[in-house]
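Participant: There's a structure below that I have some questions on.
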Amino acid sequence: MNDAPHKPVLYKEIIHALQPGRGGRYVDGTLGAGGHARGILEASAPDGQLLGLDVDPQALALARKTLAPYEQRIHLVQASYTSLSAQLAQLGWDAVDGIVLDLGASSMQFDTPGRGFSFQHEAPLDMRFGPSALQTAADLVNKYSERELADLIYQYGEERDSRKIARAIVRARPLHTTRELVAVIEAVSPRRGDRVHPATRTFQALRIAVNEELASIEEVLPQAVASLRTRGRLAVISFHSLEDRIIKEFLREQSKDLVNPPYERIYEVERKATLKEVTRKPVMPSDEDIKNNPRARSAKLRIAEKT
Ligand SMILES: C[S@@+](CC[C@H](N)C(=O)[O-])C[C@H]1O[C@@H](n2cnc3c(N)ncnc32)[C@H](O)[C@@H]1O
C-alpha cells in the first residue's frame, strides 16, 4: 500500500474528466502526494505514462513512495509547471492526452508547522512551495513599502482592512514568525463575527505573492493547450476566485473563433477555437469530499477538450 493519507479533492471527477486509457500520456503539473497521479496510472494500466511535476522536494519524495508500484511508467521532475513545454521536449513527447493542475498548497504543506503556510502553527514566515521561489513571506513583509503591502493584501487577499494591516506591519517590523504577524493583524482587524480568522486573507495574499501563483497560471495555460493532442483534456482545480477567474476567462476565450472586427463587414475567422469546454459550469466537490477535507469546500474544477 502507500502513504497517501486519503484520496485528493475531486479525485473521481478528475479521473472521469481525463478518461485515462492504456497507452496514454498524461501530465500532473502539481503532483503533491501523488493521489491524482496514482488514479491516472491505475486507469491507464498497463502502459499509460505520466510526467509528474512539483516544485517541492518534500512533495516529490512523498509522491515517489505513493507511485512506487508504477515506477516503470512515471517521470517525476522537481520543476515548475510553467516549464511544461520544456519538460515535454526533454522527454521527447510531442503531445499528451491529458493534463491536470490542482493548484495551491497541499494539505502536507499547510500541516507542516515549519513551513509557515498556516497561521495556526508558530513558524518562520517562509511560505515557499519550493526552494526556487525568490523571496519568502518574511522578505515581502519586511522589505515592501506600506503602499506595496497594502496593494498586495488587497489584490491577492481581497482584504478590506488591507491599509490598516499594511500600516501595522510596517510599524511592527521586523517580523519573523507567523505568530508575530497574526498578533499584528488581530490588533487592527479583530474578528467581526466572520467565519474566517482575520489573518486568513493576509496569509493567502502573501502565499500567492511569494509563489507568483497567478502569473504561473497565466504562463502555463497556453502551454497546456499547445501540448494537448486533439481531444486531449485539461482539468484544472482552483481554490479561490482569483485563480478561477483566470482559468474561466482563458477557457472562454480559447473556446471562441476569433473573427476580424465587425466594421470590416466581411467576417474572416482569424483563429479557430482551440478548446471546447466540457462543462460550462465548474464541477464542485461532493459532500463526502468536503467531509474528508474541509479545504475542499472552495474547490472548483474546470475541464476543457482540445478541438
Ligand atoms: C493541492 S497540491 C496537489 C495535490 C495532488 N493533486 C495530490 O493528489 O496529492 C498542489 C501542489 O502543487 C505544487 N505546486 C504549486 N505551484 C507549483 C508550480 N508552479 N509548479 C509545480 N508544482 C507546483 C505544490 O508544491 C503542491 O505540492
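Chain labels run A, B, ... following the order of the C-alpha cells; each chain numbers its residues from 1, and ligands are numbered from 1 in the order shown.
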List every residue of chain A that has an atom at most 6 Å from any atom of ligand 1, and for each one report the closest atom pair and its distance in Å to one decimal, counting only C-alpha atoms and all ligand atoms, with rows sorted by chain and then by increasing residue number, as a Markdown table.
Facilitator:
| residue | atom | partner | partner_atom_place_in_ligand_line | distance |
| --- | --- | --- | --- | --- |
| A:Pro8 | CA | ligand 1 | 8 (O) | 4.8 |
| A:Gly29 | CA | ligand 1 | 21 (C) | 5.6 |
| A:Thr30 | CA | ligand 1 | 12 (O) | 3.7 |
| A:Leu31 | CA | ligand 1 | 5 (C) | 4.9 |
| A:Gly32 | CA | ligand 1 | 27 (O) | 3.5 |
| A:Ala33 | CA | ligand 1 | 9 (O) | 3.7 |
| A:Gly34 | CA | ligand 1 | 9 (O) | 4.4 |
| A:Gly35 | CA | ligand 1 | 8 (O) | 3.3 |
| A:His36 | CA | ligand 1 | 8 (O) | 4.0 |
| A:Leu53 | CA | ligand 1 | 21 (C) | 5.4 |
| A:Asp54 | CA | ligand 1 | 22 (N) | 3.5 |
| A:Val55 | CA | ligand 1 | 22 (N) | 4.6 |
| A:Asp56 | CA | ligand 1 | 25 (O) | 4.7 |
| A:Ala59 | CA | ligand 1 | 27 (O) | 5.3 |
| A:Ala79 | CA | ligand 1 | 21 (C) | 5.9 |
| A:Ser80 | CA | ligand 1 | 20 (N) | 3.2 |
| A:Tyr81 | CA | ligand 1 | 20 (N) | 4.0 |
| A:Thr82 | CA | ligand 1 | 19 (N) | 6.0 |
| A:Asp102 | CA | ligand 1 | 1 (C) | 5.1 |
| A:Leu103 | CA | ligand 1 | 10 (C) | 5.0 |
| A:Gly104 | CA | ligand 1 | 10 (C) | 5.0 |
| A:Ala105 | CA | ligand 1 | 10 (C) | 4.8 |
| A:Ser106 | CA | ligand 1 | 2 (S) | 3.8 |
| A:Phe129 | CA | ligand 1 | 25 (O) | 4.6 |
| A:Ser216 | CA | ligand 1 | 19 (N) | 5.8 |
Participant: Can you write out as CSV which residues of range 116-222 of chain A fall within 10 Å of range 245-255 of chain A, alongside each residue's closest atom pair and its distance in Å to one decimal, counting only C-alpha atoms and ordering rows by chain and ascending residue number?
Facilitator:
residue,atom,partner,partner_atom,distance
A:Leu214,CA,A:Ile246,CA,7.9
A:Ala215,CA,A:Ile246,CA,9.7
A:Ile217,CA,A:Ile246,CA,7.7
A:Glu218,CA,A:Ile246,CA,7.2
A:Leu221,CA,A:Phe250,CA,7.7
A:Pro222,CA,A:Phe250,CA,8.7
Participant: Please provide the set of residues having any atom within 9 Å of Val9 in chain A, restricted to only C-alpha atoms, with same-chain residues fewer than 5 positions apart removed, written as a count of residues only.
Facilitator: 12
Participant: Taking only range 43-90 of chain A into account, list the residues labelled strand (DSSP E or B) by DSSP (computed from the backbone), as a list in words.
Facilitator: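 The strand (DSSP E or B) residues within range 43-90 of chain A come out as Gln49, Leu50, Leu51, Gly52, Leu53, Asp54, Ile74, His75, Leu76, Val77 and Gln78 of chain A.
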Participant: Show me, as CSV, the residues of range 199-289 of chain A having an atom within 9 Å of range 86-94 of chain A, each with the closest atom pair and its distance in Å, using only C-alpha atoms.
Facilitator:
residue,atom,partner,partner_atom,distance
A:Ser227,CA,A:Asp94,CA,7.1
A:Leu228,CA,A:Asp94,CA,8.7
A:Arg229,CA,A:Asp94,CA,8.6
Participant: Okay, now the selection with C-alpha atoms, as a short mmCIF file (atom, residue, chain, number, x, y, z; two decimals), in the first residue's frame?
Facilitator:
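Heads up, here's the output in selection-v2.cif:
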data_model
loop_
_atom_site.label_atom_id
_atom_site.label_comp_id
_atom_site.auth_asym_id
_atom_site.auth_seq_id
_atom_site.Cartn_x
_atom_site.Cartn_y
_atom_site.Cartn_z
CA SER A 227 0.73 20.37 -25.62
CA LEU A 228 -2.59 18.54 -25.89
CA ARG A 229 -3.39 16.29 -28.78
#
Participant: For Ile153 in chain A, which of A:Ile99, A:Leu206, A:Ala304, A:Leu175 is the closest residue, counting only C-alpha atoms?
Facilitator: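 Between A:Ile99, A:Leu206, A:Ala304, A:Leu175, the residue approaching Ile153 in chain A most closely is A:Leu206.
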Participant: How many Å separate CA of Ala235 in chain A from CA of Phe117 in chain A?
Facilitator: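 Between CA of Ala235 in chain A and CA of Phe117 in chain A the gap is 25.3 Å.
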Participant: Using only C-alpha atoms, which residue out of A:Glu213, A:Asp139, A:Asp28, A:Glu219 lies closest to Asp126 in chain A?
Facilitator: A:Asp139
Participant: With distances taken over only C-alpha atoms, which of A:Arg38, A:His75, A:Arg271, A:Lys65 is nearest to Pro20 in chain A?
Facilitator: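 Among the listed residues, the smallest separation from Pro20 in chain A belongs to A:Arg38.
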Participant: If you run DSSP on the backbone here, which positions in range 109-285 of chain A get alpha helix (DSSP H)? Please write them as a VMD selection string.
Facilitator: chain A and resid 109 to 111 137 to 143 146 to 157 162 to 172 178 to 188 200 to 210 213 to 227 241 to 254
Participant: Using only C-alpha atoms, which of the listed residues (A:Ser107, A:Tyr11, A:Asp257, A:Lys276) sits closest to Pro294 in chain A?
Facilitator: A:Ser107
Participant: From the list A:Leu101, A:Leu51, A:Ile303, A:Ala183, which residue is nearest Val220 in chain A when using only C-alpha atoms?
Facilitator: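 Under the stated criterion, the closest residue is A:Leu101.
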Participant: Taking 4 positions as the minimum chain separation for residues in the same chain, which residues sit within 8 Å of Ala133 in chain A when counting only C-alpha atoms? Answer as a list in words.
Facilitator: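 With the cut-off at 8 Å, the set is Arg128, Phe129, Val210 and Asn211 of chain A.
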Participant: Kindly indicate which residue among A:His6, A:Lys272, A:Arg207, A:Arg179 lies nearest to Pro124 in chain A, using only C-alpha atoms for the distances.
Facilitator: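 Answer, going by the shortest atom-to-atom distance: A:Arg179.
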Participant: Neighbouring residues of Glu159 in chain A were defined as those with any atom within 10 Å, considering only C-alpha atoms; residues of the same chain fewer than 2 positions away were excluded. Please report them as a list of chain:residue names.
Facilitator: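 Here the qualifying residues turn out to be A:Ala150, A:Asp151, A:Leu152, A:Ile153, A:Tyr154, A:Gln155, A:Tyr156, A:Gly157, A:Asp161, A:Ser162, A:Arg163, A:Ile165, A:Pro198, A:Ala199, A:Thr200, A:Arg201, A:Thr202, A:Gln204, A:Ala205.
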Participant: For the atom pair CA of Ala209 in chain A and CA of Leu76 in chain A, what is the interatomic distance in Å to one decimal place?
Facilitator: 25.9 Å
Participant: What is the CA of Gly24 in chain A-CA of Ile74 in chain A distance in Å, reported with one decimal?
Facilitator: 12.0 Å
